[in-house]
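What follows is the content of query.cif, which has mmCIF, C-alpha atoms and all ligand atoms:
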```
data_upload
#
loop_
_atom_site.label_atom_id
_atom_site.label_comp_id
_atom_site.auth_asym_id
_atom_site.auth_seq_id
_atom_site.Cartn_x
_atom_site.Cartn_y
_atom_site.Cartn_z
CA MET A 26 105.00 75.17 102.83
CA LEU A 27 101.65 73.77 103.84
CA VAL A 28 100.47 73.04 107.36
CA VAL A 29 97.86 70.28 107.26
CA MET A 30 95.58 70.33 110.29
CA LYS A 31 93.96 67.23 111.77
CA ALA A 32 90.34 66.61 110.76
CA GLN A 33 89.20 67.32 114.33
CA ALA A 34 91.33 70.48 114.79
CA THR A 35 89.37 73.28 116.46
CA GLU A 36 88.98 76.88 115.23
CA GLU A 37 91.18 78.00 118.15
CA GLN A 38 93.95 75.60 117.14
CA ILE A 39 93.77 76.81 113.52
CA GLY A 40 93.87 80.42 114.73
CA ALA A 41 96.87 79.73 116.94
CA VAL A 42 98.81 78.13 114.06
CA CYS A 43 98.01 81.13 111.80
CA ARG A 44 99.23 83.53 114.50
CA LYS A 45 102.42 81.53 114.95
CA ILE A 46 103.11 81.64 111.19
CA GLU A 47 102.67 85.43 111.20
CA GLU A 48 104.97 85.71 114.26
CA LEU A 49 107.61 83.83 112.31
CA GLY A 50 107.37 86.62 109.69
CA TYR A 51 105.35 84.73 107.04
CA ARG A 52 101.77 85.01 105.79
CA ALA A 53 99.15 82.39 106.68
CA HIS A 54 96.37 81.45 104.25
CA SER A 55 93.76 79.26 105.87
CA MET A 56 92.00 76.98 103.36
CA PRO A 57 89.13 75.01 104.86
CA GLY A 58 88.52 71.75 102.97
CA ALA A 59 85.85 69.08 103.07
CA GLN A 60 87.98 66.83 105.31
CA ARG A 61 90.38 69.20 107.03
CA THR A 62 91.84 72.68 106.97
CA ALA A 63 95.19 73.33 105.35
CA ILE A 64 97.17 76.51 105.99
CA GLY A 65 99.41 77.77 103.19
CA VAL A 66 102.56 79.62 104.23
CA THR A 67 103.92 82.33 101.92
CA GLY A 68 106.24 85.30 102.22
CA ASN A 69 109.42 83.28 102.54
CA ARG A 70 112.40 83.94 100.32
CA GLY A 71 114.04 80.55 100.84
CA GLU A 72 112.98 77.50 102.80
CA VAL A 73 110.36 78.15 105.47
CA GLU A 74 111.86 77.81 108.94
CA PRO A 75 109.10 75.71 110.52
CA GLY A 76 109.97 76.63 114.13
CA THR A 77 107.79 74.61 116.45
CA LEU A 78 104.78 74.53 114.13
CA ASP A 79 104.72 70.74 113.84
CA GLU A 80 104.43 70.39 117.61
CA MET A 81 101.40 72.65 117.94
CA PRO A 82 98.03 71.14 118.95
CA GLY A 83 95.84 70.15 115.99
CA VAL A 84 98.71 70.00 113.46
CA GLN A 85 98.92 66.77 111.49
CA GLU A 86 101.91 67.42 109.22
CA LEU A 87 103.99 69.99 107.40
CA ILE A 88 104.39 69.53 103.64
CA ARG A 89 106.89 71.33 101.43
CA VAL A 90 105.29 72.54 98.17
CA SER A 91 107.92 72.31 95.49
CA LYS A 92 105.93 74.01 92.69
CA PRO A 93 106.51 77.75 92.12
CA TYR A 94 102.78 78.37 92.56
CA LYS A 95 101.51 77.29 95.97
CA LEU A 96 98.04 78.50 96.94
CA VAL A 97 96.49 77.65 93.58
CA SER A 98 98.10 74.22 93.45
CA ARG A 99 96.20 70.97 93.86
CA ASP A 100 98.93 69.88 96.25
CA VAL A 101 97.60 72.45 98.67
CA LYS A 102 93.88 71.85 98.13
CA GLN A 103 92.61 68.65 96.60
CA GLU A 104 88.94 69.54 96.10
CA ASN A 105 87.88 71.83 93.26
CA THR A 106 87.23 75.43 94.18
CA VAL A 107 83.57 76.05 93.44
CA ILE A 108 82.56 79.68 92.96
CA SER A 109 78.90 80.46 93.53
CA PHE A 110 76.75 83.58 93.54
CA ALA A 111 73.96 84.83 95.77
CA GLY A 112 70.58 84.45 94.07
CA SER A 113 71.87 82.11 91.34
CA ASP A 114 72.43 78.38 91.07
CA ALA A 115 75.23 78.85 88.53
CA THR A 116 78.72 77.91 89.65
CA PHE A 117 82.24 77.81 88.26
CA GLY A 118 83.92 74.57 89.25
CA GLY A 119 80.75 72.58 89.94
CA PRO A 120 79.34 69.88 87.66
CA GLY A 121 77.20 72.22 85.49
CA LEU A 122 78.39 74.46 82.69
CA ALA A 123 78.76 78.17 83.41
CA LEU A 124 77.84 80.12 80.32
CA ILE A 125 79.12 83.69 79.88
CA ALA A 126 77.84 85.40 76.75
CA GLY A 127 77.46 88.89 75.36
CA PRO A 128 78.96 91.35 72.93
CA CYS A 129 82.67 92.07 72.82
CA ALA A 130 81.92 95.73 73.59
CA ILE A 131 78.89 97.55 74.94
CA GLU A 132 78.11 99.83 71.99
CA THR A 133 74.58 101.08 72.61
CA ARG A 134 71.74 100.36 75.03
CA GLU A 135 69.65 98.83 72.22
CA GLN A 136 72.44 96.52 71.03
CA THR A 137 73.13 95.43 74.61
CA MET A 138 69.49 94.73 75.50
CA ALA A 139 68.96 92.78 72.29
CA VAL A 140 71.96 90.52 72.98
CA ALA A 141 71.01 90.16 76.64
CA GLU A 142 67.54 88.92 75.76
CA GLN A 143 68.90 86.33 73.32
CA VAL A 144 71.64 84.95 75.52
CA PHE A 145 69.33 84.86 78.53
CA ARG A 146 66.82 82.82 76.52
CA GLY A 147 69.64 80.51 75.47
CA GLY A 148 70.53 79.82 79.11
CA ALA A 149 73.45 82.16 79.84
CA GLN A 150 73.76 82.81 83.55
CA PHE A 151 76.44 85.48 83.02
CA PHE A 152 76.30 88.49 80.73
CA ARG A 153 79.58 89.93 79.53
CA GLY A 154 80.46 93.07 77.70
CA GLY A 155 83.40 95.39 77.57
CA ALA A 156 82.97 98.94 78.88
CA TYR A 157 86.73 99.48 78.79
CA LYS A 158 88.35 97.85 75.77
CA PRO A 159 92.06 97.10 75.47
CA ARG A 160 92.54 97.65 71.72
CA THR A 161 95.62 96.98 69.64
CA SER A 162 95.06 100.25 67.77
CA PRO A 163 94.66 103.52 69.70
CA TYR A 164 92.25 104.62 66.93
CA SER A 165 89.80 101.75 67.50
CA PHE A 166 86.67 102.04 69.66
CA GLN A 167 87.82 102.11 73.29
CA GLY A 168 84.47 101.43 75.00
CA LEU A 169 81.74 103.53 76.63
CA GLY A 170 83.33 103.60 80.09
CA GLU A 171 80.92 104.12 82.99
CA LEU A 172 77.92 104.42 80.67
CA GLY A 173 78.68 100.87 79.50
CA LEU A 174 78.77 99.68 83.09
CA GLN A 175 75.43 101.36 83.79
CA ILE A 176 73.85 99.64 80.79
CA MET A 177 75.10 96.29 82.07
CA ALA A 178 73.64 97.04 85.50
CA GLU A 179 70.28 97.45 83.71
CA VAL A 180 70.77 94.02 82.13
CA ARG A 181 71.31 92.52 85.58
CA ASP A 182 68.16 94.20 86.90
CA LYS A 183 66.04 93.08 83.98
CA PHE A 184 67.24 89.51 83.41
CA GLY A 185 68.98 88.54 86.66
CA MET A 186 72.17 87.54 84.84
CA LYS A 187 75.42 88.25 86.67
CA ILE A 188 77.72 90.77 85.01
CA VAL A 189 81.27 89.99 83.82
CA THR A 190 83.35 92.94 82.62
CA GLU A 191 86.97 93.89 82.27
CA ALA A 192 89.13 96.25 84.31
CA ILE A 193 91.96 97.37 82.02
CA ASP A 194 94.05 99.21 84.58
CA ASN A 195 94.21 100.24 88.21
CA GLU A 196 92.23 103.41 87.35
CA SER A 197 89.23 101.52 85.94
CA MET A 198 89.20 99.01 88.83
CA GLU A 199 87.17 101.14 91.21
CA LEU A 200 84.21 101.57 88.86
CA VAL A 201 84.38 98.02 87.50
CA GLU A 202 84.41 96.64 91.03
CA LYS A 203 81.33 98.71 91.84
CA TYR A 204 79.24 97.40 88.92
CA ALA A 205 80.59 93.91 88.11
CA ASP A 206 79.77 90.56 89.67
CA VAL A 207 82.95 89.10 88.14
CA ILE A 208 85.98 91.27 87.29
CA GLN A 209 87.72 90.21 84.08
CA ILE A 210 91.47 90.63 83.71
CA GLY A 211 92.25 90.41 80.01
CA ALA A 212 94.99 88.55 78.22
CA ARG A 213 97.09 91.69 77.77
CA ASN A 214 97.01 92.32 81.50
CA MET A 215 97.79 88.82 82.73
CA SER A 216 101.29 89.99 83.62
CA ASN A 217 100.26 93.36 85.03
CA PHE A 218 101.31 92.41 88.53
CA SER A 219 100.10 95.56 90.28
CA LEU A 220 96.63 95.08 88.74
CA LEU A 221 96.66 91.41 89.77
CA SER A 222 97.50 92.37 93.34
CA GLU A 223 94.79 95.04 93.34
CA VAL A 224 92.12 92.66 92.10
CA GLY A 225 93.37 90.21 94.72
CA ARG A 226 92.12 92.67 97.34
CA ALA A 227 88.70 93.06 95.69
CA PRO A 228 85.70 91.30 97.23
CA LYS A 229 84.53 89.88 93.87
CA PRO A 230 85.45 86.80 91.81
CA VAL A 231 88.05 87.35 89.10
CA LEU A 232 88.09 85.94 85.56
CA LEU A 233 91.76 85.73 84.63
CA LYS A 234 92.52 85.24 80.93
CA ARG A 235 95.70 83.57 79.76
CA GLY A 236 98.24 85.92 78.19
CA LEU A 237 98.89 85.73 74.47
CA SER A 238 102.39 84.30 74.95
CA SER A 239 102.04 82.78 78.38
CA THR A 240 102.55 79.21 79.47
CA VAL A 241 100.10 77.43 81.73
CA GLU A 242 102.62 77.90 84.52
CA ASP A 243 102.67 81.68 83.86
CA LEU A 244 98.87 81.65 84.12
CA LEU A 245 98.96 79.81 87.43
CA MET A 246 101.62 82.21 88.75
CA ALA A 247 99.39 85.16 87.77
CA ALA A 248 96.52 83.52 89.66
CA GLU A 249 98.86 83.08 92.63
CA TYR A 250 99.33 86.89 92.72
CA ILE A 251 95.56 87.27 93.15
CA VAL A 252 95.04 84.48 95.67
CA LYS A 253 98.05 85.59 97.72
CA GLU A 254 96.28 88.89 98.41
CA GLY A 255 93.34 87.01 99.92
CA ASN A 256 90.97 86.59 96.95
CA SER A 257 90.66 82.86 96.31
CA GLN A 258 87.77 83.25 93.87
CA VAL A 259 89.71 83.03 90.63
CA ILE A 260 88.36 81.56 87.38
CA LEU A 261 91.04 80.79 84.80
CA CYS A 262 90.32 81.23 81.10
CA GLU A 263 92.02 79.65 78.10
CA ARG A 264 91.55 82.07 75.19
CA GLY A 265 94.16 80.94 72.70
CA ILE A 266 97.83 81.77 72.37
CA ARG A 267 100.02 83.18 69.58
CA THR A 268 101.71 80.51 67.49
CA PHE A 269 102.99 80.31 63.91
CA GLU A 270 99.53 79.11 62.82
CA SER A 271 97.71 81.81 60.88
CA ALA A 272 94.50 80.01 59.87
CA THR A 273 92.96 81.05 63.17
CA ARG A 274 93.37 84.31 65.11
CA ASN A 275 94.99 82.42 67.99
CA THR A 276 95.69 78.75 68.66
CA LEU A 277 93.15 77.52 71.19
CA ASP A 278 95.16 75.32 73.53
CA LEU A 279 92.56 72.91 74.87
CA SER A 280 95.23 70.81 76.47
CA ALA A 281 95.58 73.70 78.94
CA VAL A 282 92.21 72.62 80.35
CA VAL A 283 93.41 69.18 81.30
CA VAL A 284 96.76 70.49 82.55
CA VAL A 285 95.10 73.12 84.74
CA ARG A 286 92.56 70.65 86.08
CA GLU A 287 95.38 68.35 87.10
CA ARG A 288 97.62 71.01 88.64
CA SER A 289 95.17 73.43 90.20
CA HIS A 290 91.94 73.40 92.18
CA LEU A 291 90.73 76.57 90.43
CA PRO A 292 87.96 76.40 87.81
CA ILE A 293 88.93 76.81 84.16
CA ILE A 294 86.73 78.03 81.33
CA VAL A 295 87.35 78.35 77.59
CA ASP A 296 86.80 81.31 75.27
CA PRO A 297 86.53 79.86 71.75
CA SER A 298 85.59 83.30 70.35
CA HIS A 299 89.01 84.89 70.89
CA GLY A 300 90.58 81.44 70.68
CA THR A 301 89.65 80.99 67.02
CA GLY A 302 88.68 84.48 65.85
CA LEU A 303 86.09 83.15 63.39
CA SER A 304 82.43 82.63 64.17
CA SER A 305 82.10 79.38 62.21
CA TYR A 306 84.81 77.76 64.37
CA VAL A 307 83.30 78.78 67.71
CA ALA A 308 80.65 76.04 68.11
CA PRO A 309 82.87 73.03 67.38
CA MET A 310 85.57 74.34 69.71
CA ALA A 311 83.01 75.12 72.42
CA TRP A 312 81.88 71.53 72.19
CA ALA A 313 85.47 70.30 72.31
CA ALA A 314 86.18 72.51 75.33
CA ARG A 315 83.33 70.95 77.25
CA ALA A 316 84.54 67.48 76.28
CA ALA A 317 88.01 68.42 77.59
CA GLY A 318 86.49 69.30 80.97
CA ALA A 319 86.03 73.08 80.84
CA HIS A 320 83.80 74.37 83.65
CA GLY A 321 82.41 77.12 81.49
CA LEU A 322 82.43 78.96 78.16
CA LEU A 323 82.77 82.60 77.15
CA ILE A 324 81.01 83.38 73.87
CA GLU A 325 80.77 86.68 71.99
CA VAL A 326 77.39 87.46 70.39
CA HIS A 327 76.22 90.48 68.37
CA PRO A 328 72.86 91.38 66.72
CA ALA A 329 74.68 92.25 63.47
CA PRO A 330 78.17 90.75 63.68
CA ALA A 331 79.43 92.44 60.52
CA GLU A 332 78.71 95.84 62.10
CA ALA A 333 80.32 95.10 65.49
CA LEU A 334 82.74 97.81 66.61
CA SER A 335 85.13 95.16 67.85
CA ASP A 336 85.73 91.47 67.14
CA ALA A 337 83.22 91.34 64.28
CA ASP A 338 84.61 88.18 62.66
CA GLN A 339 84.27 86.04 65.75
CA SER A 340 80.93 87.29 67.08
CA LEU A 341 78.02 84.87 66.73
CA SER A 342 74.72 85.98 65.26
CA PHE A 343 71.59 85.17 67.25
CA GLU A 344 70.94 82.18 64.97
CA GLN A 345 74.47 80.86 65.44
CA PHE A 346 74.19 81.29 69.20
CA ALA A 347 70.87 79.41 69.31
CA ALA A 348 72.40 76.60 67.23
CA LEU A 349 75.33 76.39 69.63
CA MET A 350 72.95 76.11 72.58
CA ARG A 351 71.07 73.28 70.88
CA ARG A 352 74.34 71.51 70.27
CA LEU A 353 75.54 71.94 73.85
CA ALA A 354 72.19 70.74 75.19
CA THR A 355 73.02 67.26 73.94
CA ILE A 356 75.89 67.09 76.48
CA PRO A 357 74.41 66.22 79.89
CA GLY A 358 74.66 69.13 82.33
CA SER A 359 75.91 71.54 79.69
CA ALA A 360 72.97 73.75 78.84
CA LYS A 361 69.31 74.17 79.45
CA THR A 362 67.41 71.71 77.34
CA THR A 363 64.20 73.63 76.74
C1 LIG B 401 87.56 90.22 75.56
O1 LIG B 401 87.20 89.32 76.32
O2 LIG B 401 86.79 90.92 74.88
C2 LIG B 401 89.01 90.42 75.36
C3 LIG B 401 89.52 91.60 75.05
O3 LIG B 401 89.70 89.27 75.50
P1 LIG B 401 91.25 88.96 75.60
O4 LIG B 401 91.76 89.72 76.76
O5 LIG B 401 91.28 87.47 75.78
O6 LIG B 401 91.87 89.38 74.27
MN MN B 402 86.41 90.59 72.20
#
```
Structure encoded using structure tokens:
Amino acid sequence: MLVVMKAQATEEQIGAVCRKIEELGYRAHSMPGAQRTAIGVTGNRGEVEPGTLDEMPGVQELIRVSKPYKLVSRDVKQENTVISFAGSDATFGGPGLALIAGPCAIETREQTMAVAEQVFRGGAQFFRGGAYKPRTSPYSFQGLGELGLQIMAEVRDKFGMKIVTEAIDNESMELVEKYADVIQIGARNMSNFSLLSEVGRAPKPVLLKRGLSSTVEDLLMAAEYIVKEGNSQVILCERGIRTFESATRNTLDLSAVVVVRERSHLPIIVDPSHGTGLSSYVAPMAWAARAAGAHGLLIEVHPAPAEALSDADQSLSFEQFAALMRRLATIPGSAKTT
């Protein structure tokens, strides 16, 4: 259920309604909007028993939210959630394009610095790299761990880009939270509900990737786990799903962008690198993602893609990345034009 406050409701009235909701045994989630504050009510097993909430001062109306996801739904908050960062004008959910780029995995300091310089020049505001890698094979490179995080911290110091990196389990969360500006939850962990709840208690934005066999509704429910714990800074990411199609590594479901934008106020970005699995397909699908309304892109780049320790086939060379940036620059608001 949603309690919609009047536009002129005072902080005291909002506080009193939240306290009343908690007294009734539910959880209150205050969501200030441009026009008015709405308070989401969760924690109920069946219908919320509204008590005397609708008679309280400052309350305009009570609305039942019929969707299984509540706090992430557009029914609950009409305006887009815009996620911004201290010391940066980049946003997720605003009109500009957020560009996250970097290697799949942090392999060495030299490789990382070389990619960082290139993607920074191309206009990336976010640098990504995996320090902990969820690999299909236990014999594949698993990442440098804390050393990888330290190298990314150097990238932030040198170039000012914000760092996006993945926490693969509850154990890696503590270190990732310490170093990252955005905590990535990978496709394989989208249904790891204890990790979702843990990242929901972290004071950093979360990049939540769609699971390999998950529906858009599953993705929104996973985001609900995070927001329910108090962290409303969630960026959704379409990264392709498993289908019978074998010409690409995954099937990049760009319709998810328009569905999410209609159903949720959260920002959505697209990862055409994992979505296609082949470097030559990345640029056209990045372009298509922006046309579909994606708020950002996640692109893998490597100095020598053929030698990459993970995701070699889909990593862009520096030349391919520069060409992509030139192409995106022709879309207003999508990339720096110099
Ligand atoms: C990644 O971003 O490098 C990654 C492992 O992605 P995904 O979880 O989408 O497979
Ligand atoms: Mn990868």
* Which residue gives the smallest distance to Arg61 of chain A among A:Gly83, A:Gly265, A:Gly321, A:Gly40, with all atoms listed in the file counted? -> A:Gly83
* Asked: ligand MN 402 (chain B): which residues are within 7 Å, counting only C-alpha atoms and all ligand atoms, as a PyMOL selection string?
  -> chain A and resi 129-130+299+325+335-336
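Distance check against ligand LIG 401 (chain B) using all atoms listed in the file: of A:Asn214, A:Ser219, A:Ser289, A:Ser305, the minimum falls on A:Asn214.
Of the residues under consideration (A:Ala313, A:Ile210, A:Leu174, A:Ala53), A:Ile210 shows the shortest atom-to-atom contact distance to ligand LIG 401 (chain B) when counting only C-alpha atoms and all ligand atoms.
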Residues of chain A that have any atom at most 10 Å from an atom of ligand LIG 401 (chain B): could you tabulate them with the shortest-distance atom pair and the distance in Å to one decimal, using all atoms listed in the file, ordered by chain and increasing number, as a tab-separated table?
```
residue	atom	partner	partner_atom	distance
A:Gly127	CA	B:LIG401	O2	9.6
A:Pro128	CA	B:LIG401	O2	8.1
A:Cys129	CA	B:LIG401	O2	4.7
A:Ala130	CA	B:LIG401	O2	7.0
A:Arg153	CA	B:LIG401	O1	8.3
A:Gly154	CA	B:LIG401	O2	7.3
A:Gly155	CA	B:LIG401	O2	6.2
A:Ala156	CA	B:LIG401	O2	9.7
A:Tyr157	CA	B:LIG401	C3	9.2
A:Lys158	CA	B:LIG401	C3	6.4
A:Pro159	CA	B:LIG401	C3	6.1
A:Arg160	CA	B:LIG401	C3	7.5
A:Thr161	CA	B:LIG401	O6	9.7
A:Val189	CA	B:LIG401	O1	9.6
A:Thr190	CA	B:LIG401	O1	8.2
A:Glu191	CA	B:LIG401	O1	7.5
A:Ile193	CA	B:LIG401	O4	9.3
A:Gln209	CA	B:LIG401	O1	7.8
A:Ile210	CA	B:LIG401	O4	7.0
A:Gly211	CA	B:LIG401	O4	3.4
A:Ala212	CA	B:LIG401	O4	3.7
A:Arg213	CA	B:LIG401	O4	5.8
A:Asn214	CA	B:LIG401	O4	7.5
A:Met215	CA	B:LIG401	O4	8.5
A:Leu232	CA	B:LIG401	O1	9.9
A:Leu233	CA	B:LIG401	O4	8.8
A:Lys234	CA	B:LIG401	O5	5.7
A:Arg235	CA	B:LIG401	O5	7.1
A:Gly236	CA	B:LIG401	O5	7.5
A:Leu237	CA	B:LIG401	O6	7.9
A:Cys262	CA	B:LIG401	O5	8.3
A:Glu263	CA	B:LIG401	O5	8.2
A:Arg264	CA	B:LIG401	O5	5.4
A:Gly265	CA	B:LIG401	O5	7.8
A:Ile266	CA	B:LIG401	O5	9.3
A:Asn275	CA	B:LIG401	O6	9.9
A:Asp296	CA	B:LIG401	O5	7.6
A:Pro297	CA	B:LIG401	O5	9.8
A:Ser298	CA	B:LIG401	O1	8.6
A:His299	CA	B:LIG401	O5	6.0
A:Gly300	CA	B:LIG401	O5	7.9
A:Leu323	CA	B:LIG401	O1	8.1
A:Ile324	CA	B:LIG401	O1	8.9
A:Glu325	CA	B:LIG401	O2	7.9
A:Ser335	CA	B:LIG401	O2	8.4
A:Asp336	CA	B:LIG401	O2	7.8
```
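Taking atom CA of Leu245 of chain A as the reference point, atom CA of Trp312 of chain A is found at 24.3 Å.
Straight-line separation from atom CA of Ala178 of chain A to atom CA of Asp194 of chain A: 20.5 Å.
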